[in-house]
Amino acid sequence: MSTLTACHECDLLTHLPPLPAHGAAYCPRCGSLLVRSKANSIERSLALVLASLILFCIAISFPFLAMKTGGLEQQTTLITGVWLLYTQGMKGLATVVLLTCILFPLFQMAGLLYVLLPLYFKCRAPFAMRAFRVIQHLQPWSMMEVFMLGILVSLVKLAELAVVTPGISLWAFALLIFTTAAQTALLDTHQVWEALEVPDGST
Amino acid sequence: MAQREVTAKHLGMISCQNCHLLCRQPQRNKHQQLLCPRCGSALHSRKPNSLSRCWALVIAASILLIPANLMPITITSALGHTQADTILSGVFYFIQTGIWPIALVIFVASVFVPLTKLLILILLMLSVQLRWRWRPRDRTRLYRLTELVGRWSMVDVYVVTILVALVKLGAVATIDAGPGAAYFAGVVIMTMFAARNFDPRLIWDALEETND
């Protein structure tokens, strides 16, 4: 049985045949991706979300860079960086960094866990739909992978001022990029929405 | 194309922006807000006021781009003398010291991407308003690219954060964030909102109107 879908980018209506495993459907007019079938999407995403959460805890609680000049050693974690910006009067900037690198990623991962874990056990969490909607809206605003690139650039920049050594947190950040990217790629949002859908219209 | 293409709008249907559920648009009065029956997001056949919002954000971002590039993003003080760096002077510094990869990363993320993103959005909006029929598929692809790549411009903002946090060595050296960094963050955020407010379906709507 085929289903009718509208392309997200050009609004063309297309009849979608059932997709084979690992298949993908593209819009015949504008070429954007309509759907891609993803096997074991919920299980895999759940595993990756758990891994990301653990890595995230390590990434924000340990220093990512340490710098040595003379006898002085300076270490920094993400949170102290944000705090220093804030105390310097760059409050807007500090808020942006706090939101995009700490709070949004954290909300996103915790939210996914909240939505996906019950689905794995074939039930639904209260307000799961609302949570999932917010998660999808937040997605472009959580920028940990961009922050990772920022660490690398500053590493080179500081290398001539002093001896800079990468901390544990840097490795956690590096791994985090892979786990979050894989999780975004593997999560089948259509499948989640269908699983969350209530047949009778009650909450 | 020989076969006439039917869009959801033609059949009075709306595809939910959020969960992609295809809904039939009911007969209703203008002021009633439609909600997706599945996920509860607001339903719009096209993003509301897409072009005017996008223009407003693009213009605001272009204005902010000026102080973002002219004002210093970092102020380094080492052993009594201070040095203010703008985005471009940072790039030149890395070219001079021969660290090409970093110069390239900063140039692409902080100069090339924001500028081309603004230019592409202006081009797309003009093309919709002037009802161009020119290569809609490529224009859609261009839009997808701008939406995807915009967030990477934040790199410089994060670099400033890290430098400020790390270089606090008392009398030896300190780095403070300059006002340019905040303006630059503003540029990136506004262009991201602008890209999200543009509706690529408008590119295709213009084609259909001239077909009729």
# chains A, B, ... in the order shown; residues from 1 in each chain; ligands from 1
>>> residues_around(residues="His8 in chain A", least_positions_apart="6", cutoff="12 Å", atoms="only C-alpha atoms", output="PyMOL selection string")
(chain A and resi 14+26-27+29-35) or (chain B and resi 7-8+14-22+45-47+140+144+199-202+204)
>>> residues_around(residues="range 106-121 of chain A", least_positions_apart="5", cutoff="7 Å", atoms="only C-alpha atoms", output="PyMOL selection string")
chain A and resi 42-43+46+49+53+128+131-132+135
>>> closest_residue(among="A:Phe62, A:Phe127, A:Phe178, A:Trp171", to="chain B", atoms="only C-alpha atoms")
A:Phe127
>>> residues_around(residues="Lys168 in chain B", least_positions_apart="2", cutoff="10 Å", atoms="only C-alpha atoms", output="VMD selection string")
(chain A and resid 67 72 to 75 84) or (chain B and resid 163 to 166 170 to 176)
>>> write_last_selection(atoms="N, CA and C atoms", output="PDB file, in the first residue's frame")
ATOM      1  N   MET A  67      47.020  25.112  30.466  1.00  0.00           N
ATOM      2  CA  MET A  67      48.066  25.907  29.875  1.00  0.00           C
ATOM      3  C   MET A  67      49.147  26.187  30.901  1.00  0.00           C
ATOM      4  N   LEU A  72      53.098  28.912  36.366  1.00  0.00           N
ATOM      5  CA  LEU A  72      51.645  29.008  36.464  1.00  0.00           C
ATOM      6  C   LEU A  72      50.961  27.963  35.598  1.00  0.00           C
ATOM      7  N   GLU A  73      49.943  27.336  36.172  1.00  0.00           N
ATOM      8  CA  GLU A  73      49.150  26.456  35.317  1.00  0.00           C
ATOM      9  C   GLU A  73      47.697  26.889  35.376  1.00  0.00           C
ATOM     10  N   GLN A  74      47.101  26.993  34.215  1.00  0.00           N
ATOM     11  CA  GLN A  74      45.727  27.456  34.128  1.00  0.00           C
ATOM     12  C   GLN A  74      44.903  26.371  33.456  1.00  0.00           C
ATOM     13  N   GLN A  75      43.799  25.994  34.114  1.00  0.00           N
ATOM     14  CA  GLN A  75      42.944  24.976  33.508  1.00  0.00           C
ATOM     15  C   GLN A  75      41.582  25.580  33.243  1.00  0.00           C
ATOM     16  N   LEU A  84      33.496  33.213  33.332  1.00  0.00           N
ATOM     17  CA  LEU A  84      34.445  34.314  33.156  1.00  0.00           C
ATOM     18  C   LEU A  84      33.908  35.346  32.174  1.00  0.00           C
TER      19      LEU A  84
ATOM     20  N   LEU B 163      39.614  31.358  24.860  1.00  0.00           N
ATOM     21  CA  LEU B 163      40.798  32.188  25.109  1.00  0.00           C
ATOM     22  C   LEU B 163      40.623  33.017  26.375  1.00  0.00           C
ATOM     23  N   VAL B 164      39.446  33.601  26.522  1.00  0.00           N
ATOM     24  CA  VAL B 164      39.166  34.416  27.699  1.00  0.00           C
ATOM     25  C   VAL B 164      39.300  33.585  28.964  1.00  0.00           C
ATOM     26  N   ALA B 165      38.786  32.366  28.904  1.00  0.00           N
ATOM     27  CA  ALA B 165      38.797  31.513  30.091  1.00  0.00           C
ATOM     28  C   ALA B 165      40.199  31.052  30.440  1.00  0.00           C
ATOM     29  N   LEU B 166      40.981  30.806  29.399  1.00  0.00           N
ATOM     30  CA  LEU B 166      42.261  30.152  29.638  1.00  0.00           C
ATOM     31  C   LEU B 166      43.385  31.136  29.940  1.00  0.00           C
ATOM     32  N   GLY B 170      47.510  36.520  35.196  1.00  0.00           N
ATOM     33  CA  GLY B 170      47.923  37.620  36.056  1.00  0.00           C
ATOM     34  C   GLY B 170      48.708  38.666  35.295  1.00  0.00           C
ATOM     35  N   ALA B 171      49.938  38.948  35.711  1.00  0.00           N
ATOM     36  CA  ALA B 171      50.720  40.005  35.087  1.00  0.00           C
ATOM     37  C   ALA B 171      51.236  39.605  33.705  1.00  0.00           C
ATOM     38  N   VAL B 172      51.336  38.315  33.465  1.00  0.00           N
ATOM     39  CA  VAL B 172      51.961  37.868  32.218  1.00  0.00           C
ATOM     40  C   VAL B 172      51.100  38.212  31.000  1.00  0.00           C
ATOM     41  N   ALA B 173      49.873  37.718  30.983  1.00  0.00           N
ATOM     42  CA  ALA B 173      49.003  38.013  29.842  1.00  0.00           C
ATOM     43  C   ALA B 173      47.544  37.773  30.209  1.00  0.00           C
ATOM     44  N   THR B 174      46.664  38.593  29.673  1.00  0.00           N
ATOM     45  CA  THR B 174      45.237  38.310  29.781  1.00  0.00           C
ATOM     46  C   THR B 174      44.585  38.589  28.434  1.00  0.00           C
ATOM     47  N   ILE B 175      43.519  37.862  28.168  1.00  0.00           N
ATOM     48  CA  ILE B 175      42.737  38.130  26.967  1.00  0.00           C
ATOM     49  C   ILE B 175      41.314  38.450  27.397  1.00  0.00           C
ATOM     50  N   ASP B 176      40.798  39.575  26.925  1.00  0.00           N
ATOM     51  CA  ASP B 176      39.416  39.939  27.203  1.00  0.00           C
ATOM     52  C   ASP B 176      38.615  39.882  25.907  1.00  0.00           C
TER      53      ASP B 176
END
>>> closest_residue(among="A:Ile79, A:Leu138, A:Ala181, A:Leu176", to="Ser52 in chain A", atoms="only C-alpha atoms")
A:Leu176
>>> closest_residue(among="B:Met125, B:Met71, B:Ala56, B:Val91", to="Ala181 in chain B", atoms="only C-alpha atoms")
B:Met71
>>> closest_residue(among="B:Thr161, B:Cys54, B:Asn197, B:Ala84", to="Leu123 in chain B", atoms="only C-alpha atoms")
B:Cys54
>>> residues_around(residues="Phe147 in chain A", least_positions_apart="5", cutoff="9 Å", atoms="only C-alpha atoms", output="number ranges by chain")
A: 101, 152, 173; B: 152, 154-155, 157-159
>>> write_last_selection(atoms="N, CA and C atoms", output="PDB file, in the first residue's frame")
ATOM      1  N   CYS A 101      25.949  25.372  24.069  1.00  0.00           N
ATOM      2  CA  CYS A 101      26.916  24.305  24.338  1.00  0.00           C
ATOM      3  C   CYS A 101      26.584  23.468  25.561  1.00  0.00           C
ATOM      4  N   LEU A 152      39.902  23.214  19.012  1.00  0.00           N
ATOM      5  CA  LEU A 152      41.077  22.914  18.190  1.00  0.00           C
ATOM      6  C   LEU A 152      41.756  24.199  17.712  1.00  0.00           C
ATOM      7  N   PHE A 173      34.686  15.299  24.294  1.00  0.00           N
ATOM      8  CA  PHE A 173      34.047  16.135  23.277  1.00  0.00           C
ATOM      9  C   PHE A 173      34.191  15.510  21.894  1.00  0.00           C
TER      10      PHE A 173
ATOM     11  N   TRP B 152      28.115  26.594  11.770  1.00  0.00           N
ATOM     12  CA  TRP B 152      29.562  26.484  11.923  1.00  0.00           C
ATOM     13  C   TRP B 152      30.237  27.835  12.077  1.00  0.00           C
ATOM     14  N   MET B 154      29.711  29.841  14.294  1.00  0.00           N
ATOM     15  CA  MET B 154      29.858  30.150  15.715  1.00  0.00           C
ATOM     16  C   MET B 154      31.269  29.856  16.235  1.00  0.00           C
ATOM     17  N   VAL B 155      32.077  29.182  15.440  1.00  0.00           N
ATOM     18  CA  VAL B 155      33.422  28.799  15.873  1.00  0.00           C
ATOM     19  C   VAL B 155      34.180  29.944  16.540  1.00  0.00           C
ATOM     20  N   VAL B 157      33.186  32.611  17.986  1.00  0.00           N
ATOM     21  CA  VAL B 157      32.627  32.986  19.285  1.00  0.00           C
ATOM     22  C   VAL B 157      33.149  32.033  20.369  1.00  0.00           C
ATOM     23  N   TYR B 158      33.196  30.744  20.033  1.00  0.00           N
ATOM     24  CA  TYR B 158      33.682  29.764  21.004  1.00  0.00           C
ATOM     25  C   TYR B 158      35.173  29.930  21.252  1.00  0.00           C
ATOM     26  N   VAL B 159      35.911  30.257  20.205  1.00  0.00           N
ATOM     27  CA  VAL B 159      37.348  30.470  20.381  1.00  0.00           C
ATOM     28  C   VAL B 159      37.577  31.612  21.369  1.00  0.00           C
TER      29      VAL B 159
END
>>> select_by_dssp(residues="range 70-158 of chain B", states="strand (DSSP E)", output="list in words")
Thr74, Ile75, Thr76, Ser77, Ala78, His81, Thr82, Gln83, Ala84 and Asp85 of chain B
>>> select_by_dssp(residues="chain A", states="helix (DSSP H, G or I)", output="JSON, numbers by chain")
{"A": [41, 42, 43, 44, 45, 46, 47, 48, 49, 50, 51, 52, 53, 54, 55, 56, 57, 58, 59, 60, 61, 78, 79, 80, 81, 82, 83, 84, 85, 86, 87, 91, 92, 93, 94, 95, 96, 97, 98, 99, 100, 101, 102, 103, 104, 105, 106, 107, 108, 109, 110, 111, 112, 113, 114, 115, 116, 117, 118, 119, 120, 128, 129, 130, 131, 132, 133, 134, 135, 136, 137, 138, 139, 140, 141, 144, 145, 146, 147, 148, 149, 150, 151, 152, 153, 154, 155, 156, 157, 158, 159, 168, 169, 170, 171, 172, 173, 174, 175, 176, 177, 178, 179, 180, 181, 182, 183, 184, 185, 186, 189, 190, 191, 192, 193, 194, 195, 196]}
>>> write_last_selection(atoms="C-alpha atoms", output="compact mmCIF listing (two decimals), in the first residue's frame")
# COMPACT_ATOMS: atom_id res chain seq x y z
CA SER A 41 16.08 3.05 14.88
CA ILE A 42 14.75 3.41 18.42
CA GLU A 43 17.10 0.88 19.98
CA ARG A 44 20.17 2.29 18.27
CA SER A 45 19.29 5.90 19.02
CA LEU A 46 18.64 5.02 22.63
CA ALA A 47 22.06 3.40 22.96
CA LEU A 48 23.74 6.42 21.40
CA VAL A 49 21.79 8.89 23.55
CA LEU A 50 22.93 7.06 26.68
CA ALA A 51 26.53 7.07 25.48
CA SER A 52 26.30 10.78 24.63
CA LEU A 53 24.89 11.65 28.04
CA ILE A 54 27.77 9.91 29.81
CA LEU A 55 30.32 11.59 27.54
CA PHE A 56 28.61 14.93 28.05
CA CYS A 57 28.92 14.64 31.84
CA ILE A 58 32.63 13.98 31.45
CA ALA A 59 33.02 16.76 28.89
CA ILE A 60 31.54 19.47 31.06
CA SER A 61 32.97 18.46 34.42
CA LEU A 78 33.35 24.82 29.81
CA ILE A 79 31.44 26.22 32.77
CA THR A 80 34.30 28.36 34.10
CA GLY A 81 34.72 29.76 30.59
CA VAL A 82 31.10 30.83 30.48
CA TRP A 83 31.34 32.25 33.99
CA LEU A 84 34.44 34.31 33.16
CA LEU A 85 32.72 35.79 30.13
CA TYR A 86 29.77 36.66 32.30
CA THR A 87 31.88 38.40 34.96
CA LYS A 91 26.43 38.67 29.52
CA GLY A 92 24.72 38.16 26.17
CA LEU A 93 27.65 36.23 24.81
CA ALA A 94 27.93 34.12 27.96
CA THR A 95 24.23 33.26 27.69
CA VAL A 96 24.60 32.24 24.05
CA VAL A 97 27.49 29.91 24.87
CA LEU A 98 25.69 28.52 27.90
CA LEU A 99 22.57 27.77 25.87
CA THR A 100 24.17 26.38 22.72
CA CYS A 101 26.92 24.31 24.34
CA ILE A 102 25.47 23.20 27.66
CA LEU A 103 21.73 23.62 28.12
CA PHE A 104 20.35 22.84 24.65
CA PRO A 105 22.47 19.72 24.14
CA LEU A 106 21.58 18.57 27.66
CA PHE A 107 17.84 19.18 27.14
CA GLN A 108 18.02 17.43 23.83
CA MET A 109 19.70 14.31 25.14
CA ALA A 110 17.61 14.11 28.31
CA GLY A 111 14.47 14.71 26.26
CA LEU A 112 15.29 12.00 23.77
CA LEU A 113 15.93 9.60 26.62
CA TYR A 114 12.57 10.55 28.09
CA VAL A 115 10.74 9.96 24.81
CA LEU A 116 12.61 6.93 23.51
CA LEU A 117 13.05 4.84 26.65
CA PRO A 118 9.29 4.33 27.18
CA LEU A 119 8.86 3.62 23.45
CA TYR A 120 11.45 0.88 23.76
CA ALA A 128 6.10 12.81 25.12
CA MET A 129 4.78 14.48 21.97
CA ARG A 130 5.33 17.96 23.30
CA ALA A 131 8.83 16.98 24.43
CA PHE A 132 9.68 15.49 21.05
CA ARG A 133 8.42 18.59 19.28
CA VAL A 134 10.64 20.82 21.40
CA ILE A 135 13.60 18.51 20.82
CA GLN A 136 13.19 18.80 17.07
CA HIS A 137 13.04 22.58 17.28
CA LEU A 138 16.19 22.72 19.43
CA GLN A 139 18.25 20.50 17.17
CA PRO A 140 19.99 23.19 15.06
CA TRP A 141 20.82 25.20 18.17
CA MET A 144 28.77 21.00 20.59
CA GLU A 145 30.55 19.91 17.45
CA VAL A 146 31.16 23.53 16.56
CA PHE A 147 32.57 24.09 20.03
CA MET A 148 34.93 21.18 19.46
CA LEU A 149 36.28 22.92 16.36
CA GLY A 150 36.67 26.04 18.51
CA ILE A 151 38.80 24.08 20.99
CA LEU A 152 41.08 22.91 18.19
CA VAL A 153 41.50 26.43 16.83
CA SER A 154 42.34 27.84 20.26
CA LEU A 155 44.76 24.98 20.86
CA VAL A 156 46.81 26.12 17.88
CA LYS A 157 46.38 29.78 18.77
CA LEU A 158 47.69 29.30 22.29
CA ALA A 159 50.44 26.87 21.38
CA ILE A 168 40.19 14.45 29.40
CA SER A 169 37.24 16.55 28.45
CA LEU A 170 38.67 17.17 24.97
CA TRP A 171 38.56 13.44 24.19
CA ALA A 172 35.03 13.23 25.55
CA PHE A 173 34.05 16.13 23.28
CA ALA A 174 35.67 14.43 20.30
CA LEU A 175 33.76 11.20 20.90
CA LEU A 176 30.60 13.16 21.57
CA ILE A 177 30.67 14.53 18.04
CA PHE A 178 30.52 11.02 16.63
CA THR A 179 27.83 9.73 18.99
CA THR A 180 25.55 12.72 18.48
CA ALA A 181 26.04 12.76 14.71
CA ALA A 182 25.30 9.02 14.51
CA GLN A 183 22.28 9.44 16.74
CA THR A 184 20.84 12.22 14.57
CA ALA A 185 21.43 10.12 11.47
CA LEU A 186 19.91 6.95 12.91
CA THR A 189 11.54 10.74 13.36
CA HIS A 190 8.65 9.44 11.26
CA GLN A 191 8.73 6.19 13.15
CA VAL A 192 8.79 8.00 16.49
CA TRP A 193 5.82 10.16 15.52
CA GLU A 194 3.89 7.12 14.40
CA ALA A 195 4.69 5.33 17.63
CA LEU A 196 3.66 8.37 19.67
>>> closest_residue(among="A:Ser37, A:Thr76, A:Ser2, A:Thr165", to="chain B", atoms="only C-alpha atoms")
A:Thr76
>>> closest_residue(among="B:Arg53, B:His44, B:Arg137, B:Arg38", to="Ala195 in chain B", atoms="only C-alpha atoms")
B:Arg53
>>> residues_around(residues="Ala61 in chain B", least_positions_apart="3", cutoff="12 Å", atoms="only C-alpha atoms", output="ChimeraX atom specification")
/B:54-58,64-68,114-115,117-119,121-122,183-195
